[in-house]
file coords_12.txt (compact mmCIF, C-alpha atoms)
# COMPACT_ATOMS: atom_id res chain seq x y z
CA MET F 289 -5.58 48.20 -11.79
CA PRO F 290 -3.26 48.11 -8.77
CA ASP F 291 -1.71 44.72 -7.96
CA ARG F 292 -2.99 43.94 -4.48
CA ASP F 293 -0.46 41.09 -4.25
CA ALA F 294 2.56 43.27 -5.04
CA HIS F 295 3.85 42.77 -1.47
CA LEU F 296 4.11 39.01 -2.10
CA ARG F 297 5.92 39.07 -5.45
CA TRP F 298 9.64 38.99 -6.17
CA ARG F 299 11.40 40.53 -9.16
CA GLU F 300 14.27 38.82 -10.93
CA LEU F 301 17.53 40.76 -11.26
CA SER F 302 19.64 38.14 -13.00
CA ARG F 303 20.09 34.40 -13.45
CA ARG F 304 22.91 32.02 -14.25
CA SER F 305 22.85 28.45 -15.51
CA ILE F 306 24.12 25.84 -13.06
CA ALA F 307 23.57 22.66 -15.10
CA SER F 308 21.60 21.38 -18.12
CA SER F 309 20.17 17.96 -18.96
CA VAL F 310 17.61 16.69 -21.47
CA ILE F 311 14.72 16.87 -18.97
CA PHE F 312 15.63 19.90 -16.86
CA ASP F 313 18.02 22.80 -16.38
CA VAL F 314 19.13 24.12 -13.01
CA VAL F 315 19.17 27.91 -12.74
CA ALA F 316 20.26 30.20 -9.89
CA ALA F 317 18.05 33.30 -9.90
CA GLN F 318 18.89 36.49 -8.04
CA ARG F 319 15.60 38.05 -6.91
CA VAL F 320 14.45 40.96 -4.80
CA SER F 321 11.18 41.39 -2.89
CA SER F 322 8.96 44.45 -2.95
CA ASN F 323 10.42 45.56 0.40
CA GLY F 324 14.02 45.16 -0.72
CA ARG F 325 15.03 41.74 0.58
CA ALA F 326 17.37 39.95 -1.83
CA GLY F 327 18.17 36.28 -2.24
CA GLU F 328 19.41 33.60 -4.60
CA PHE F 329 16.86 30.91 -5.51
CA TRP F 330 17.73 27.65 -7.24
CA ILE F 331 15.10 26.78 -9.80
CA LEU F 332 14.53 23.58 -11.73
CA ASP F 333 13.52 24.72 -15.21
CA ALA F 334 11.85 21.50 -16.31
CA ARG F 335 9.95 20.37 -19.42
CA ASP F 336 6.20 19.99 -18.86
CA TRP F 337 4.92 16.51 -18.06
CA VAL F 338 1.86 14.67 -19.31
CA ASN F 339 -0.19 11.83 -17.76
CA VAL F 340 -2.64 9.69 -19.72
CA VAL F 341 -5.59 7.85 -18.12
CA PRO F 342 -6.47 5.20 -20.77
CA VAL F 343 -9.91 3.73 -20.08
CA VAL F 344 -11.10 0.42 -21.55
CA TYR F 345 -14.13 -1.75 -20.75
CA GLY F 346 -14.19 -5.32 -19.50
CA ALA F 347 -16.52 -8.03 -20.89
CA ASP F 348 -18.98 -7.14 -18.10
CA GLY F 349 -18.91 -3.44 -19.01
CA SER F 350 -16.79 -2.46 -16.00
CA ARG F 351 -14.13 0.24 -16.44
CA ARG F 352 -10.47 -0.71 -16.49
CA VAL F 353 -7.28 1.31 -17.06
CA LEU F 354 -4.07 0.59 -18.92
CA MET F 355 -1.00 1.20 -16.78
CA VAL F 356 2.72 0.54 -17.04
CA ARG F 357 5.04 -1.20 -14.62
CA GLN F 358 8.68 -0.16 -14.75
CA TYR F 359 11.91 0.47 -12.90
CA ARG F 360 12.30 4.11 -11.87
CA HIS F 361 15.83 5.46 -11.64
CA GLY F 362 15.19 8.35 -9.26
CA ALA F 363 13.57 6.37 -6.46
CA ASP F 364 15.32 3.08 -7.37
CA LEU F 365 11.88 1.43 -7.28
CA ILE F 366 9.55 -0.54 -9.49
CA THR F 367 6.27 1.38 -9.78
CA THR F 368 2.94 0.98 -11.54
CA GLU F 369 1.87 4.23 -13.18
CA PHE F 370 -0.33 5.72 -15.83
CA PRO F 371 1.46 6.17 -19.18
CA ALA F 372 3.33 9.45 -18.85
CA GLY F 373 6.29 11.40 -20.09
CA VAL F 374 7.86 14.68 -20.99
CA VAL F 375 6.25 17.15 -23.40
CA GLU F 376 8.92 17.78 -26.03
CA LYS F 377 9.96 21.31 -26.90
CA GLY F 378 7.28 22.84 -29.13
CA GLU F 379 5.01 19.80 -28.79
CA ASP F 380 1.32 20.26 -28.03
CA PRO F 381 0.45 18.59 -24.68
CA ALA F 382 -2.38 16.58 -26.30
CA ALA F 383 0.03 15.38 -29.00
CA ALA F 384 2.48 14.36 -26.27
CA ALA F 385 -0.32 12.43 -24.53
CA ALA F 386 -1.20 10.63 -27.79
CA ARG F 387 2.47 9.83 -28.39
CA GLU F 388 3.09 8.46 -24.89
CA LEU F 389 -0.11 6.39 -25.08
CA ARG F 390 1.02 4.85 -28.37
CA GLU F 391 4.62 4.28 -27.29
CA GLU F 392 3.83 2.80 -23.90
CA THR F 393 0.61 0.88 -24.60
CA GLY F 394 0.36 0.58 -28.41
CA HIS F 395 -3.07 2.26 -28.40
CA ARG F 396 -4.60 5.25 -30.15
CA ALA F 397 -7.43 7.23 -28.48
CA GLY F 398 -10.53 8.34 -30.38
CA ARG F 399 -10.99 10.99 -27.71
CA LEU F 400 -8.49 12.83 -25.49
CA THR F 401 -9.85 15.17 -22.80
CA LEU F 402 -7.72 17.46 -20.63
CA ILE F 403 -8.90 16.84 -17.05
CA SER F 404 -6.11 18.41 -14.97
CA ASP F 405 -3.39 21.06 -15.29
CA LEU F 406 -1.22 21.36 -12.17
CA ARG F 407 2.20 22.54 -11.04
CA PRO F 408 4.31 19.60 -9.78
CA ASN F 409 6.08 21.79 -7.22
CA PRO F 410 5.75 25.54 -7.84
CA ALA F 411 8.21 26.29 -5.01
CA PHE F 412 11.22 25.46 -7.18
CA MET F 413 9.96 23.85 -10.41
CA THR F 414 8.78 25.88 -13.39
CA ASN F 415 6.74 23.22 -15.14
CA ARG F 416 3.16 21.98 -15.46
CA CYS F 417 1.75 18.46 -15.30
CA TYR F 418 -1.21 17.87 -17.65
CA THR F 419 -3.53 14.88 -17.38
CA PHE F 420 -5.58 13.63 -20.32
CA LEU F 421 -8.40 11.11 -20.18
CA ALA F 422 -8.04 8.75 -23.18
CA GLU F 423 -11.19 7.04 -24.42
CA ASP F 424 -12.36 5.03 -27.46
CA LEU F 425 -9.06 3.18 -27.53
CA VAL F 426 -7.89 1.10 -30.50
CA ARG F 427 -4.81 -1.11 -30.49
CA VAL F 428 -2.62 0.10 -33.35
CA SER F 429 0.91 -1.14 -32.80
CA GLN F 430 3.44 -2.90 -30.65
CA LEU F 431 5.09 -0.87 -27.91
CA SER F 432 7.67 1.57 -29.22
CA LEU F 433 10.07 2.30 -26.41
CA ASP F 434 13.14 4.41 -25.99
CA GLU F 435 16.29 2.32 -26.08
CA LEU F 436 16.60 2.65 -22.30
CA GLU F 437 12.97 1.88 -21.36
CA SER F 438 11.71 -1.50 -20.15
CA LEU F 439 7.99 -1.52 -19.50
CA GLU F 440 5.44 -4.14 -18.56
CA PRO F 441 1.83 -3.37 -19.49
CA VAL F 442 -0.67 -3.76 -16.63
CA GLU F 443 -4.47 -3.61 -16.82
CA LEU F 444 -6.25 -2.71 -13.60
CA ALA F 445 -9.95 -2.63 -12.68
CA GLU F 446 -11.10 0.86 -11.66
CA ALA F 447 -12.21 -0.42 -8.24
CA ASP F 448 -8.82 -2.07 -7.61
CA LEU F 449 -6.99 1.11 -8.57
CA ASP F 450 -9.22 3.20 -6.29
CA ALA F 451 -8.67 0.79 -3.40
CA ARG F 452 -4.90 0.34 -3.80
CA ALA F 453 -3.95 3.95 -4.62
CA GLY F 454 -1.14 5.32 -2.48
CA ARG F 455 0.30 1.96 -1.47
CA GLY F 456 2.71 -0.65 -2.83
CA GLU F 457 3.72 0.20 -6.39
CA LEU F 458 1.01 2.90 -6.73
CA VAL F 459 3.03 5.69 -5.10
CA ASN F 460 3.95 8.02 -7.95
CA ALA F 461 2.40 11.35 -6.92
CA MET F 462 1.81 12.30 -10.57
CA THR F 463 -0.21 9.11 -11.09
CA MET F 464 -2.13 9.98 -7.91
CA VAL F 465 -3.04 13.48 -9.15
CA ALA F 466 -4.19 11.88 -12.42
CA LEU F 467 -6.37 9.43 -10.51
CA PHE F 468 -7.72 12.25 -8.34
CA ALA F 469 -8.65 14.24 -11.46
CA TRP F 470 -10.23 11.21 -13.09
CA GLN F 471 -12.31 10.37 -10.01
CA ARG F 472 -13.64 13.94 -9.98
CA HIS F 473 -14.31 13.80 -13.73
CA ARG F 474 -16.21 10.47 -13.74
CA PRO F 475 -19.94 10.74 -14.37
CA GLY F 476 -21.35 11.80 -11.01
CA GLY F 477 -17.84 12.26 -9.61
CA LEU F 478 -17.23 11.31 -6.01
CA LYS F 479 -19.40 12.50 -3.17
CA PRO F 480 -18.59 12.65 0.52
CA SER F 481 -20.49 9.86 2.23
CA THR F 482 -20.65 11.68 5.58
CA MET O 101 13.93 -16.30 -3.41
CA PRO O 102 14.58 -15.36 -7.04
CA ASP O 103 13.83 -11.74 -8.01
CA ARG O 104 11.15 -12.06 -10.68
CA ASP O 105 11.64 -8.38 -11.53
CA ALA O 106 15.39 -8.71 -12.17
CA HIS O 107 14.82 -8.02 -15.89
CA LEU O 108 13.41 -4.56 -15.01
CA ARG O 109 16.11 -3.39 -12.62
CA TRP O 110 19.28 -1.43 -13.35
CA ARG O 111 22.53 -1.58 -11.41
CA GLU O 112 24.61 1.49 -10.67
CA LEU O 113 28.24 1.43 -11.78
CA SER O 114 29.27 4.93 -10.72
CA ARG O 115 27.96 8.41 -10.09
CA ARG O 116 29.30 11.94 -10.16
CA SER O 117 27.96 15.13 -8.59
CA ILE O 118 26.77 17.77 -11.06
CA ALA O 119 25.53 20.46 -8.64
CA SER O 120 24.49 20.91 -4.99
CA SER O 121 21.99 23.24 -3.31
CA VAL O 122 20.28 23.34 0.07
CA ILE O 123 17.17 21.51 -1.15
CA PHE O 124 18.58 19.13 -3.77
CA ASP O 125 21.71 17.74 -5.40
CA VAL O 126 21.98 16.80 -9.05
CA VAL O 127 23.79 13.53 -9.70
CA ALA O 128 24.70 11.77 -12.97
CA ALA O 129 24.49 8.00 -12.45
CA GLN O 130 26.02 5.46 -14.83
CA ARG O 131 23.78 2.39 -14.80
CA VAL O 132 23.51 -0.90 -16.61
CA SER O 133 20.42 -3.06 -17.18
CA SER O 134 20.22 -6.81 -16.61
CA ASN O 135 20.66 -7.39 -20.36
CA GLY O 136 23.70 -5.18 -20.65
CA ARG O 137 22.32 -1.86 -21.87
CA ALA O 138 24.20 1.09 -20.35
CA GLY O 139 23.16 4.69 -19.87
CA GLU O 140 23.71 7.86 -17.88
CA PHE O 141 20.73 9.04 -15.83
CA TRP O 142 20.46 12.46 -14.21
CA ILE O 143 18.91 12.19 -10.78
CA LEU O 144 17.61 14.88 -8.46
CA ASP O 145 18.68 13.76 -4.99
CA ALA O 146 16.19 15.84 -3.01
CA ARG O 147 15.31 16.18 0.67
CA ASP O 148 11.97 14.64 1.61
CA TRP O 149 8.94 16.93 1.71
CA VAL O 150 6.10 17.15 4.20
CA ASN O 151 2.51 18.45 3.82
CA VAL O 152 0.25 19.30 6.76
CA VAL O 153 -3.56 19.28 6.58
CA PRO O 154 -4.57 21.40 9.62
CA VAL O 155 -8.25 20.91 10.42
CA VAL O 156 -10.27 23.33 12.56
CA TYR O 157 -14.02 23.64 13.19
CA GLY O 158 -16.30 26.56 12.44
CA ALA O 159 -18.96 27.89 14.83
CA ASP O 160 -21.50 25.60 13.09
CA GLY O 161 -19.27 22.55 13.53
CA SER O 162 -18.23 22.44 9.88
CA ARG O 163 -14.66 21.45 9.01
CA ARG O 164 -12.21 24.09 7.80
CA VAL O 165 -8.51 23.97 6.90
CA LEU O 166 -5.65 26.36 7.50
CA MET O 167 -3.73 27.12 4.32
CA VAL O 168 -1.03 29.56 3.23
CA ARG O 169 -0.96 31.95 0.32
CA GLN O 170 2.45 32.85 -1.04
CA TYR O 171 4.63 33.69 -4.01
CA ARG O 172 6.34 30.63 -5.48
CA HIS O 173 9.69 31.19 -7.16
CA GLY O 174 9.72 28.11 -9.40
CA ALA O 175 6.43 28.74 -11.17
CA ASP O 176 6.53 32.55 -10.65
CA LEU O 177 2.98 32.29 -9.28
CA ILE O 178 0.99 33.07 -6.16
CA THR O 179 -0.53 29.84 -4.87
CA THR O 180 -2.69 28.72 -1.96
CA GLU O 181 -1.32 25.55 -0.38
CA PHE O 182 -1.32 23.46 2.72
CA PRO O 183 1.55 24.29 5.08
CA ALA O 184 4.52 22.34 3.74
CA GLY O 185 8.27 22.23 3.59
CA VAL O 186 11.45 20.26 3.49
CA VAL O 187 12.30 17.59 6.07
CA GLU O 188 15.69 18.63 7.42
CA LYS O 189 18.56 16.18 7.46
CA GLY O 190 18.07 13.75 10.37
CA GLU O 191 14.65 15.25 11.23
CA ASP O 192 11.70 12.95 11.84
CA PRO O 193 8.94 13.61 9.26
CA ALA O 194 6.32 14.13 12.01
CA ALA O 195 8.64 16.63 13.73
CA ALA O 196 9.03 18.43 10.40
CA ALA O 197 5.24 18.56 10.04
CA ALA O 198 4.87 20.01 13.57
CA ARG O 199 7.61 22.56 12.84
CA GLU O 200 6.10 23.70 9.51
CA LEU O 201 2.65 23.94 11.10
CA ARG O 202 3.99 26.16 13.88
CA GLU O 203 6.16 28.30 11.58
CA GLU O 204 3.54 28.85 8.89
CA THR O 205 0.31 29.00 10.95
CA GLY O 206 1.39 29.53 14.58
CA HIS O 207 -0.49 26.39 15.69
CA ARG O 208 0.43 23.24 17.56
CA ALA O 209 -1.43 19.97 16.88
CA GLY O 210 -2.62 17.67 19.68
CA ARG O 211 -2.68 14.87 17.11
CA LEU O 212 -0.63 14.29 13.94
CA THR O 213 -1.55 11.31 11.73
CA LEU O 214 0.43 10.16 8.70
CA ILE O 215 -2.14 9.76 5.90
CA SER O 216 0.05 9.56 2.79
CA ASP O 217 3.61 8.62 1.79
CA LEU O 218 4.30 9.10 -1.92
CA ARG O 219 7.14 9.65 -4.37
CA PRO O 220 6.89 13.10 -6.01
CA ASN O 221 8.40 11.80 -9.25
CA PRO O 222 10.23 8.47 -8.96
CA ALA O 223 11.46 8.73 -12.56
CA PHE O 224 14.23 11.15 -11.60
CA MET O 225 13.66 12.28 -7.99
CA THR O 226 14.84 10.24 -5.01
CA ASN O 227 12.59 11.72 -2.36
CA ARG O 228 9.28 11.07 -0.59
CA CYS O 229 6.38 13.40 0.15
CA TYR O 230 4.65 12.71 3.47
CA THR O 231 1.25 14.12 4.40
CA PHE O 232 0.11 14.51 8.01
CA LEU O 233 -3.39 15.27 9.19
CA ALA O 234 -3.14 17.79 12.06
CA GLU O 235 -6.02 17.87 14.58
CA ASP O 236 -6.78 19.35 18.00
CA LEU O 237 -5.07 22.57 17.03
CA VAL O 238 -4.06 25.24 19.54
CA ARG O 239 -2.73 28.65 18.60
CA VAL O 240 0.66 28.99 20.31
CA SER O 241 2.62 31.74 18.58
CA GLN O 242 2.94 34.27 15.84
CA LEU O 243 4.20 33.04 12.48
CA SER O 244 7.92 32.33 12.49
CA LEU O 245 9.11 32.59 8.93
CA ASP O 246 12.43 32.24 7.17
CA GLU O 247 13.90 35.61 6.29
CA LEU O 248 12.90 35.09 2.65
CA GLU O 249 9.31 33.89 3.23
CA SER O 250 6.20 36.06 2.95
CA LEU O 251 3.02 34.18 3.75
CA GLU O 252 -0.63 35.09 4.09
CA PRO O 253 -2.73 32.74 6.22
CA VAL O 254 -5.97 31.56 4.58
CA GLU O 255 -8.79 29.58 6.15
CA LEU O 256 -10.97 27.60 3.76
CA ALA O 257 -14.17 25.61 4.28
CA GLU O 258 -13.74 21.93 3.41
CA ALA O 259 -16.52 22.13 0.82
CA ASP O 260 -14.90 25.16 -0.86
CA LEU O 261 -11.54 23.41 -1.00
CA ASP O 262 -13.11 20.26 -2.48
CA ALA O 263 -14.95 22.33 -5.08
CA ARG O 264 -12.07 24.61 -6.08
CA ALA O 265 -9.24 22.05 -6.05
CA GLY O 266 -7.15 22.02 -9.23
CA ARG O 267 -8.05 25.54 -10.35
CA GLY O 268 -6.93 29.12 -9.73
CA GLU O 269 -4.39 29.24 -6.91
CA LEU O 270 -5.06 25.61 -5.87
CA VAL O 271 -2.71 24.03 -8.42
CA ASN O 272 0.22 22.75 -6.38
CA ALA O 273 0.26 19.01 -7.10
CA MET O 274 1.63 18.27 -3.61
CA THR O 275 -1.35 20.08 -2.03
CA MET O 276 -3.61 18.06 -4.34
CA VAL O 277 -2.13 14.71 -3.21
CA ALA O 278 -2.59 15.87 0.39
CA LEU O 279 -6.24 16.73 -0.29
CA PHE O 280 -6.74 13.39 -2.09
CA ALA O 281 -5.31 11.55 0.93
CA TRP O 282 -7.44 13.56 3.34
CA GLN O 283 -10.64 12.94 1.36
CA ARG O 284 -9.95 9.20 1.47
CA HIS O 285 -9.12 9.37 5.18
CA ARG O 286 -12.23 11.32 6.26
CA PRO O 287 -14.81 9.32 8.21
CA GLY O 288 -16.63 7.32 5.55
CA GLY O 289 -14.17 8.49 2.91
CA LEU O 290 -15.50 9.25 -0.54
CA LYS O 291 -17.61 6.82 -2.48
CA PRO O 292 -18.25 6.70 -6.22
CA SER O 293 -21.80 7.94 -6.79
CA THR O 294 -22.23 5.98 -10.04

call {"tool": "encode", "arguments": {"input": "coords_12.txt", "output": "structure tokens"}}
result
Amino acid sequence: MPDRDAHLRWRELSRRSIASSVIFDVVAAQRVSSNGRAGEFWILDARDWVNVVPVVYGADGSRRVLMVRQYRHGADLITTEFPAGVVEKGEDPAAAAARELREETGHRAGRLTLISDLRPNPAFMTNRCYTFLAEDLVRVSQLSLDELESLEPVELAEADLDARAGRGELVNAMTMVALFAWQRHRPGGLKPST
Amino acid sequence: MPDRDAHLRWRELSRRSIASSVIFDVVAAQRVSSNGRAGEFWILDARDWVNVVPVVYGADGSRRVLMVRQYRHGADLITTEFPAGVVEKGEDPAAAAARELREETGHRAGRLTLISDLRPNPAFMTNRCYTFLAEDLVRVSQLSLDELESLEPVELAEADLDARAGRGELVNAMTMVALFAWQRHRPGGLKPST
């Protein structure tokens, strides 16, 4: 079958490593388009990421989520986010979600459901960002953090999260795509009111 | 006023440049926590990004959006996205939105409204991602693309975009946060149906 998008694609001629860290490598790729244009593109070859939306129920039956409050080195900001992290090499994304949930909240999920699989920024990043809904939670342990992590657990009512999303400490775009996916996944989802 | 989050923050001792490109620099920062832990953190010092949600109206009065279909070098994928790009050094984000809209769709907006201001990934990225709603559009020119850009314009009905978000070519997380912001900004917004 002919590729009707051949005119859009670029072919890689060569690549060289610019720098390597534990969470990403920087690569310079030499590529050529179908009509012969050539260029060098810097690519961030990053590990995949995983978000977890851990849902618990209040005494009145209302839905609440477990979140984490922490200092973030990139933005030099304190943010409130869903538990999240890097999928280790060879690790199954669902296993990574279960691990991050346990490490950052001390809970195990009876049920993990993949609700979103996106590309953080396909323009220059290679990786995916998965979001898992975590239900039937059981507290199993104390937090188990990396030596360099300091987290504060936060529990938020669903309605508060919906209302405050995008402002204050709720500005991590990966937490926002997780919330967006969860809103769409909720029984009945969200419907335009106009 | 005492900083009640002092125990979460880290202080930078020094930094060194690892690599520099036109859209980001990689920096290794030596930092120390309030209780004396020390570590090196790799940070992606990136230009800010801007999304544009360009709204037009069909013959029946229904809302439609202008999007772009293109090859993305990071993910090695063809995606459909809102017009978007990098805010140049010293450029106002709204001016960047107007520029990207003109370059990628050939339209000028009578009205640009900031509807979202997020952090793509505050864990290791320094930058912001702004989203502007673009209304009262007028076609002013042909596309004006960088030498290395190949774009196909796509017009999508609002209902199709809402329904197909997160799947197929609609997997750029930055386009998803723009859509999320736009859904919340629409007259009446979105309301949980359960």

call {"tool": "residues_around", "arguments": {"input": "coords_12.txt", "residues": "Ser117 of chain O", "least_positions_apart": "2", "cutoff": "8 Å", "atoms": "all atoms listed in the file", "output": "list in words"}}
result
Arg115, Ala119, Ser120, Asp125, Val126, Val127 and Ala128 of chain O

call {"tool": "residues_around", "arguments": {"input": "coords_12.txt", "residues": "Arg390 of chain F", "least_positions_apart": "2", "cutoff": "10 Å", "atoms": "all atoms listed in the file", "output": "NGL selection string"}}
result
:F and (371 or 384-388 or 392-397 or 426-433)

call {"tool": "closest_residue", "arguments": {"input": "coords_12.txt", "among": "F:Cys417, F:Val465, F:Val442, F:Ala411", "to": "Arg172 of chain O", "atoms": "only C-alpha atoms"}}
result
F:Ala411

call {"tool": "interface_residues", "arguments": {"input": "coords_12.txt", "of": "chain F", "to": "chain O", "cutoff": "8 Å", "atoms": "only C-alpha atoms", "output": "PDB file with C-alpha atoms, in the frame of the given file"}}
result
ATOM      1  CA  LEU F 296       4.110  39.010  -2.100  1.00  0.00           C
ATOM      2  CA  ARG F 297       5.920  39.070  -5.450  1.00  0.00           C
ATOM      3  CA  TRP F 298       9.640  38.990  -6.170  1.00  0.00           C
ATOM      4  CA  ILE F 306      24.120  25.840 -13.060  1.00  0.00           C
ATOM      5  CA  ALA F 307      23.570  22.660 -15.100  1.00  0.00           C
ATOM      6  CA  SER F 309      20.170  17.960 -18.960  1.00  0.00           C
ATOM      7  CA  ARG F 325      15.030  41.740   0.580  1.00  0.00           C
ATOM      8  CA  ALA F 326      17.370  39.950  -1.830  1.00  0.00           C
ATOM      9  CA  GLY F 327      18.170  36.280  -2.240  1.00  0.00           C
ATOM     10  CA  PHE F 329      16.860  30.910  -5.510  1.00  0.00           C
ATOM     11  CA  TRP F 330      17.730  27.650  -7.240  1.00  0.00           C
ATOM     12  CA  ILE F 331      15.100  26.780  -9.800  1.00  0.00           C
ATOM     13  CA  LEU F 332      14.530  23.580 -11.730  1.00  0.00           C
ATOM     14  CA  ASP F 333      13.520  24.720 -15.210  1.00  0.00           C
ATOM     15  CA  GLN F 358       8.680  -0.160 -14.750  1.00  0.00           C
ATOM     16  CA  TYR F 359      11.910   0.470 -12.900  1.00  0.00           C
ATOM     17  CA  ARG F 360      12.300   4.110 -11.870  1.00  0.00           C
ATOM     18  CA  HIS F 361      15.830   5.460 -11.640  1.00  0.00           C
ATOM     19  CA  GLY F 362      15.190   8.350  -9.260  1.00  0.00           C
ATOM     20  CA  ALA F 363      13.570   6.370  -6.460  1.00  0.00           C
ATOM     21  CA  ASP F 364      15.320   3.080  -7.370  1.00  0.00           C
ATOM     22  CA  LEU F 365      11.880   1.430  -7.280  1.00  0.00           C
ATOM     23  CA  ILE F 366       9.550  -0.540  -9.490  1.00  0.00           C
ATOM     24  CA  SER F 404      -6.110  18.410 -14.970  1.00  0.00           C
ATOM     25  CA  ASP F 405      -3.390  21.060 -15.290  1.00  0.00           C
ATOM     26  CA  LEU F 406      -1.220  21.360 -12.170  1.00  0.00           C
ATOM     27  CA  ARG F 407       2.200  22.540 -11.040  1.00  0.00           C
ATOM     28  CA  PRO F 408       4.310  19.600  -9.780  1.00  0.00           C
ATOM     29  CA  ASN F 409       6.080  21.790  -7.220  1.00  0.00           C
ATOM     30  CA  PRO F 410       5.750  25.540  -7.840  1.00  0.00           C
ATOM     31  CA  ALA F 411       8.210  26.290  -5.010  1.00  0.00           C
ATOM     32  CA  PHE F 412      11.220  25.460  -7.180  1.00  0.00           C
ATOM     33  CA  MET F 413       9.960  23.850 -10.410  1.00  0.00           C
ATOM     34  CA  THR F 414       8.780  25.880 -13.390  1.00  0.00           C
ATOM     35  CA  ASN F 415       6.740  23.220 -15.140  1.00  0.00           C
ATOM     36  CA  LEU F 436      16.600   2.650 -22.300  1.00  0.00           C
ATOM     37  CA  SER F 438      11.710  -1.500 -20.150  1.00  0.00           C
ATOM     38  CA  LEU F 439       7.990  -1.520 -19.500  1.00  0.00           C
ATOM     39  CA  GLY F 454      -1.140   5.320  -2.480  1.00  0.00           C
ATOM     40  CA  VAL F 459       3.030   5.690  -5.100  1.00  0.00           C
ATOM     41  CA  ASN F 460       3.950   8.020  -7.950  1.00  0.00           C
ATOM     42  CA  ALA F 461       2.400  11.350  -6.920  1.00  0.00           C
ATOM     43  CA  MET F 462       1.810  12.300 -10.570  1.00  0.00           C
ATOM     44  CA  MET F 464      -2.130   9.980  -7.910  1.00  0.00           C
ATOM     45  CA  VAL F 465      -3.040  13.480  -9.150  1.00  0.00           C
ATOM     46  CA  PHE F 468      -7.720  12.250  -8.340  1.00  0.00           C
ATOM     47  CA  GLN F 471     -12.310  10.370 -10.010  1.00  0.00           C
ATOM     48  CA  PRO F 475     -19.940  10.740 -14.370  1.00  0.00           C
ATOM     49  CA  GLY F 476     -21.350  11.800 -11.010  1.00  0.00           C
ATOM     50  CA  GLY F 477     -17.840  12.260  -9.610  1.00  0.00           C
ATOM     51  CA  LEU F 478     -17.230  11.310  -6.010  1.00  0.00           C
ATOM     52  CA  LYS F 479     -19.400  12.500  -3.170  1.00  0.00           C
ATOM     53  CA  PRO F 480     -18.590  12.650   0.520  1.00  0.00           C
ATOM     54  CA  SER F 481     -20.490   9.860   2.230  1.00  0.00           C
ATOM     55  CA  THR F 482     -20.650  11.680   5.580  1.00  0.00           C
TER      56      THR F 482
END

call {"tool": "atom_distance", "arguments": {"input": "coords_12.txt", "atom1": "atom CA of Glu181 of chain O", "atom2": "atom CA of Phe370 of chain F"}}
result
25.2 Å

call {"tool": "atom_distance", "arguments": {"input": "coords_12.txt", "atom1": "atom CA of Arg351 of chain F", "atom2": "atom CA of Leu421 of chain F"}}
result
12.8 Å

call {"tool": "decode", "arguments": {"input": "coords_12.txt", "residues": "segment 261-272 of chain O", "atoms": "N, CA and C atoms", "output": "short mmCIF file (atom, residue, chain, number, x, y, z; two decimals), in the first residue's frame"}}
result
data_model
loop_
_atom_site.label_atom_id
_atom_site.label_comp_id
_atom_site.auth_asym_id
_atom_site.auth_seq_id
_atom_site.Cartn_x
_atom_site.Cartn_y
_atom_site.Cartn_z
N LEU O 261 -13.29 16.75 17.50
CA LEU O 261 -12.07 16.90 18.30
C LEU O 261 -12.31 16.37 19.71
N ASP O 262 -13.42 16.77 20.34
CA ASP O 262 -13.73 16.29 21.69
C ASP O 262 -13.78 14.76 21.73
N ALA O 263 -14.38 14.18 20.69
CA ALA O 263 -14.58 12.72 20.68
C ALA O 263 -13.28 11.96 20.41
N ARG O 264 -12.42 12.53 19.56
CA ARG O 264 -11.23 11.80 19.13
C ARG O 264 -9.98 12.13 19.93
N ALA O 265 -10.08 13.08 20.85
CA ALA O 265 -8.91 13.51 21.64
C ALA O 265 -8.26 12.33 22.34
N GLY O 266 -6.93 12.28 22.29
CA GLY O 266 -6.18 11.25 23.01
C GLY O 266 -5.90 10.00 22.22
N ARG O 267 -6.42 9.95 20.98
CA ARG O 267 -6.23 8.74 20.16
C ARG O 267 -5.69 9.12 18.78
N GLY O 268 -5.19 8.12 18.06
CA GLY O 268 -4.74 8.32 16.69
C GLY O 268 -3.67 9.39 16.61
N GLU O 269 -3.93 10.41 15.78
CA GLU O 269 -2.94 11.48 15.63
C GLU O 269 -3.08 12.57 16.69
N LEU O 270 -4.12 12.48 17.51
CA LEU O 270 -4.38 13.53 18.53
C LEU O 270 -3.79 13.14 19.87
N VAL O 271 -2.45 12.96 19.90
CA VAL O 271 -1.78 12.45 21.10
C VAL O 271 -0.71 13.39 21.65
N ASN O 272 -0.60 14.58 21.09
CA ASN O 272 0.36 15.54 21.66
C ASN O 272 -0.23 16.08 22.97
#
